[in-house]
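**Student:** Below are the structure tokens for one structure; questions will follow.
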Amino acid sequence: MGGTRGVALLALGSFAVGTDAYAMAGLLPGMGADLDVSVSLAGQSVTAFTLCYALAAPLLSAVLARWGTRTVLVTALVVFVLANAGTALTGSYTGLLGTRALAGAGAGLFVPAAATAAVALVPPERRGRALGLVLGGMSTGTVLGVPLGLLVAADSGWRTTLWLITGLGVVALTGVAAALPPVEGAAAPSLRARLGALARPRVAVVVTVTFTQTVASLGLYTYLEPVLHRTAGIGSAVPYLWVWGIGGVCGSLLAGTLVDRTGKPAALAVTLLGTLGCALALLPWTGSVPGLVLVPLVVWGAVGWAFVVPQQHRLLARDGGNGAAAVGLNSSATYLGGAVGSALGGLALAHGLDARWLPLPAAGVALAGVLFHLTAVRGPARRDTRTGRRTTDHANGTGAAGGATAAGAPERNAP
């Protein structure tokens with residue numbers, strides 16, 4: 001029971017983070033008008049959040065490497081709460097950038113530590129579901145946070161939305177600080193451990209594939225409103241954001257169950273990435289039939305969010321005691337990919353690409369990730385075969401080696 005309660009508390013924290021990360025895009029016009037800057041300049045606050053999530057948070061985690069899991073989680077939520085309160089109070093563009101960067105660092109510190117803690121709190125057979133619940137908290141924050149943030153901002157201003165997010169963070173902080181059960185092990189790996197994890201070929205493959213997935217998925221999400229406008233003549237994107245987010249919640253929750261039942265996270269990850277590429281490729285041609293655009297949209301949301309679960313599961317299962325370092329790298333790759341994808345999408349639109357066709361290069365990146373995965377994983381498998389070692393087949397997600405990982409997962413679940 002204690003483990004279940006702990007996972008629920010971690011999911012609440014992820015909900016607050018998800019609301020913060022994805023509600024901001026709809027607040028940019030009000031922010032820009034209030035702070036007397038253009039929408040494009042206000043949009044750099046999203047870049048500040050994502051870059052600090054990807055780059056500053058791992059460095060902060062390294063500084064806190066000797067702290068316990070619970071301390072790291074509480075510290076991350078304190079930073080997150082103070083940063084969002086600062087954003088709500090800021091009266092300058094410089095203050096906006098600074099507080100959004102700080103919020104990104106807090107969020108980036110929290111999410112990988114929460115994933116690691118969720119695994120440690122439950123038995124091995126429930127590990128995939130625990131990861132799905134924590135990541136489902138983020139996608140649920142997207143479903144509720146984006147439209148709710150827009151509604152609140154329209155009625156009471158963008159600052160009220162930031163106070164709402166701050167309140168969510170306070171509730172999560174209180175719950176984690178007061179009721180999270182003890183978690184074994186350190187949540188924050190050292191910088192040397194992180195770099196060492198990246199040097200391992202299997203970890204590098206997983207993290208690189210995650211990067212390609214988020215360049216395609218999160219990068220395109222930034223421009224979803226103009227894409228929908230050009231594709232299907234849609235004015236307000238809010239109902240479609242709901243559909244995308246609902247798909248994300250379902251995907252996050254179902255992915256954990258699929259991982260637990262099949263024991264093949266690698267096969268699931270590559271299938272989801274291929275499905276994402278196909279859904280994005282079909283998106284530009286759905287405007288001629290009313291409502292048809294909803295089909296690739298809900299598939300995109302479902303597989304895009306579900307993809308994270310088997311990826312983190314693979315890293316934790318394979319890397320054992322170094323799993324936290326690998327998950328931290330994967331979390332950084334997620335937001336770095338989103339930042340790169342947003343930047344490339346903006347450049348493409350600035351150079352005259354019709355927003356209707358923007359999903360096509362995104363689909364190309366996703367399918368390139370599939371090809372990279374299928375090609376790269378055969379090298380380590382062949383080397384292991386030559387040396388006589390038994391290993392897991394990454395492409396199929398199958399194989400066995402004796403024993404269990406330090407995180408407690410059966411080796412059949414390793415990538």
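Every chain in the structure tokens takes a letter, A first, then B, and so on in the order presented; its residues are numbered from 1, and the ligands are numbered from 1 following the presented order.
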Tell me, which residues of region 262-393 of chain A carry DSSP alpha helix (DSSP H), written as a VMD selection string?

**Tutor:** chain A and resid 262 265 to 282 294 to 306 308 to 319 323 to 350 359 to 376 378 to 386

**Student:** Counting only C-alpha atoms, figure out which residue out of A:Gly251, A:Pro265, A:Gly141, A:Gly337 gets nearest to Thr208 (chain A).

**Tutor:** A:Gly337

**Student:** I want to know what sits within 9 Å of Thr212 (chain A), based on only C-alpha atoms, with residues of the same chain fewer than 2 positions away left out; could you give that as a ChimeraX atom specification?

**Tutor:** /A:207-210,214-217,333-334,337,341,365-369

**Student:** Using only C-alpha atoms, which protein or nucleic acid residues come within 12 Å of Gly43 (chain A)? Drop anything in the same chain fewer than 5 positions from it, and give the result as a ChimeraX atom specification.

**Tutor:** /A:24-32,37-38,48-50,93,96-97,100,222-223,339,342-343,346

**Student:** Identify, on the basis of only C-alpha atoms, every residue whose closest approach to Ser331 (chain A) does not exceed 10 Å; exclude the query and any residue fewer than 6 positions from it along the same chain; express the result as a list in words.

**Tutor:**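 After dropping sequence-adjacent residues, the list is Tyr53, Ala54, Ala57, Pro58, Gly108, Leu109, Val111, Pro112, Ala115, Val207, Thr210, Phe211, Val308, Gln312, Ala325 and Gly337 of chain A.
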
**Student:** Using only C-alpha atoms, which residue out of A:Leu82, A:Leu89, A:Leu241, A:Ala306 lies closest to Leu102 (chain A)?

**Tutor:**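 Checking each of A:Leu82, A:Leu89, A:Leu241, A:Ala306 against Leu102 (chain A), counting only C-alpha atoms, the winner is A:Leu82.
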
**Student:** Within 7 Å of region 275-291 of chain A, counting only C-alpha atoms, which residues qualify if same-chain residues fewer than 6 places away don't, as a CSV table (one decimal) with C-alpha atoms, in the first residue's frame?

**Tutor:**
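As a result, result_12.csv now contains:
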chain,number,residue,atom,x,y,z
A,231,THR,CA,-4.6,21.5,-42.8
A,232,ALA,CA,-8.3,21.6,-41.8
A,299,VAL,CA,-2.8,8.3,-32.4
A,300,TRP,CA,0.1,10.9,-32.3
A,303,VAL,CA,2.1,6.7,-29.2
A,304,GLY,CA,4.1,9.9,-28.4
A,356,ARG,CA,0.4,22.2,-43.6
A,357,TRP,CA,3.5,20.3,-44.7
A,359,PRO,CA,4.4,17.1,-40.3
A,360,LEU,CA,6.2,15.5,-43.2
A,363,ALA,CA,7.5,12.1,-39.8
A,364,GLY,CA,10.8,11.6,-41.6
A,366,ALA,CA,10.6,9.6,-36.5
A,367,LEU,CA,11.1,7.0,-39.3

**Student:** Show me, as a ChimeraX atom specification, the residues that have an atom within 10 Å of Pro226 (chain A) when counting only C-alpha atoms, minus same-chain residues fewer than 3 positions from it.

**Tutor:** /A:222-223,229-231,233-237,354-356,358

**Student:** Those same residues, written as a tab-separated table (two decimals), in the first residue's frame with N, CA, C and O atoms?

**Tutor:**
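Contents of selection_33.tsv, as written:
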chain	number	residue	atom	x	y	z
A	222	THR	N	4.71	22.18	-30.85
A	222	THR	CA	4.83	23.63	-30.67
A	222	THR	C	4.02	24.38	-31.71
A	222	THR	O	3.48	25.45	-31.44
A	223	TYR	N	3.93	23.83	-32.90
A	223	TYR	CA	3.26	24.52	-34.01
A	223	TYR	C	1.95	23.83	-34.40
A	223	TYR	O	1.51	23.94	-35.55
A	229	HIS	N	-4.64	24.78	-38.58
A	229	HIS	CA	-5.30	25.86	-39.33
A	229	HIS	C	-5.11	25.66	-40.83
A	229	HIS	O	-6.06	25.79	-41.62
A	230	ARG	N	-3.89	25.33	-41.23
A	230	ARG	CA	-3.62	25.16	-42.65
A	230	ARG	C	-4.14	23.82	-43.18
A	230	ARG	O	-4.51	23.71	-44.34
A	231	THR	N	-4.17	22.81	-42.33
A	231	THR	CA	-4.59	21.48	-42.77
A	231	THR	C	-6.10	21.36	-42.90
A	231	THR	O	-6.62	20.84	-43.89
A	233	GLY	N	-8.42	24.06	-41.75
A	233	GLY	CA	-9.13	25.32	-41.58
A	233	GLY	C	-9.65	25.54	-40.19
A	233	GLY	O	-10.67	26.21	-39.98
A	234	ILE	N	-8.95	25.02	-39.18
A	234	ILE	CA	-9.38	25.10	-37.79
A	234	ILE	C	-8.96	26.43	-37.19
A	234	ILE	O	-7.81	26.86	-37.34
A	235	GLY	N	-9.89	27.09	-36.49
A	235	GLY	CA	-9.57	28.35	-35.83
A	235	GLY	C	-8.91	28.11	-34.49
A	235	GLY	O	-7.70	28.27	-34.32
A	236	SER	N	-9.69	27.71	-33.49
A	236	SER	CA	-9.17	27.43	-32.16
A	236	SER	C	-8.70	25.99	-32.07
A	236	SER	O	-9.41	25.05	-32.43
A	237	ALA	N	-7.48	25.82	-31.56
A	237	ALA	CA	-6.91	24.48	-31.44
A	237	ALA	C	-7.25	23.80	-30.11
A	237	ALA	O	-6.89	22.64	-29.92
A	354	ASP	N	5.04	25.88	-45.97
A	354	ASP	CA	3.63	25.92	-45.56
A	354	ASP	C	3.46	25.05	-44.33
A	354	ASP	O	3.89	23.90	-44.29
A	355	ALA	N	2.79	25.59	-43.30
A	355	ALA	CA	2.61	24.85	-42.05
A	355	ALA	C	1.89	23.53	-42.28
A	355	ALA	O	2.06	22.58	-41.51
A	356	ARG	N	1.10	23.44	-43.33
A	356	ARG	CA	0.39	22.18	-43.62
A	356	ARG	C	1.37	21.03	-43.81
A	356	ARG	O	1.07	19.89	-43.45
A	358	LEU	N	4.47	20.78	-42.55
A	358	LEU	CA	5.46	20.63	-41.49
A	358	LEU	C	5.47	19.23	-40.87
A	358	LEU	O	6.53	18.74	-40.47

**Student:** Using Å and a single decimal, report how far CA of Gly328 (chain A) sits from CA of Leu273 (chain A).

**Tutor:**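 If I compute the distance from CA of Leu273 (chain A) to CA of Gly328 (chain A), I get 20.6 Å.
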
**Student:** Between A:Leu344, A:Leu292, A:Leu41, A:Val170, which has the minimum distance to Ala16 (chain A) (counting only C-alpha atoms)?

**Tutor:**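 Nearest candidate to Ala16 (chain A) out of A:Leu344, A:Leu292, A:Leu41, A:Val170: A:Val170.
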
**Student:** Just checking: using only C-alpha atoms, which residue out of A:Leu148, A:Leu55, A:Ala33, A:Val46 ends up closest to Pro239 (chain A)?

**Tutor:**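 Closest residue, counting only C-alpha atoms: A:Leu148.
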
**Student:** Please indicate the distance in Å from CA of Gly196 (chain A) to CA of Ala107 (chain A), rounded to one decimal place.

**Tutor:**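 Going from CA of Gly196 (chain A) over to CA of Ala107 (chain A) covers 23.3 Å.
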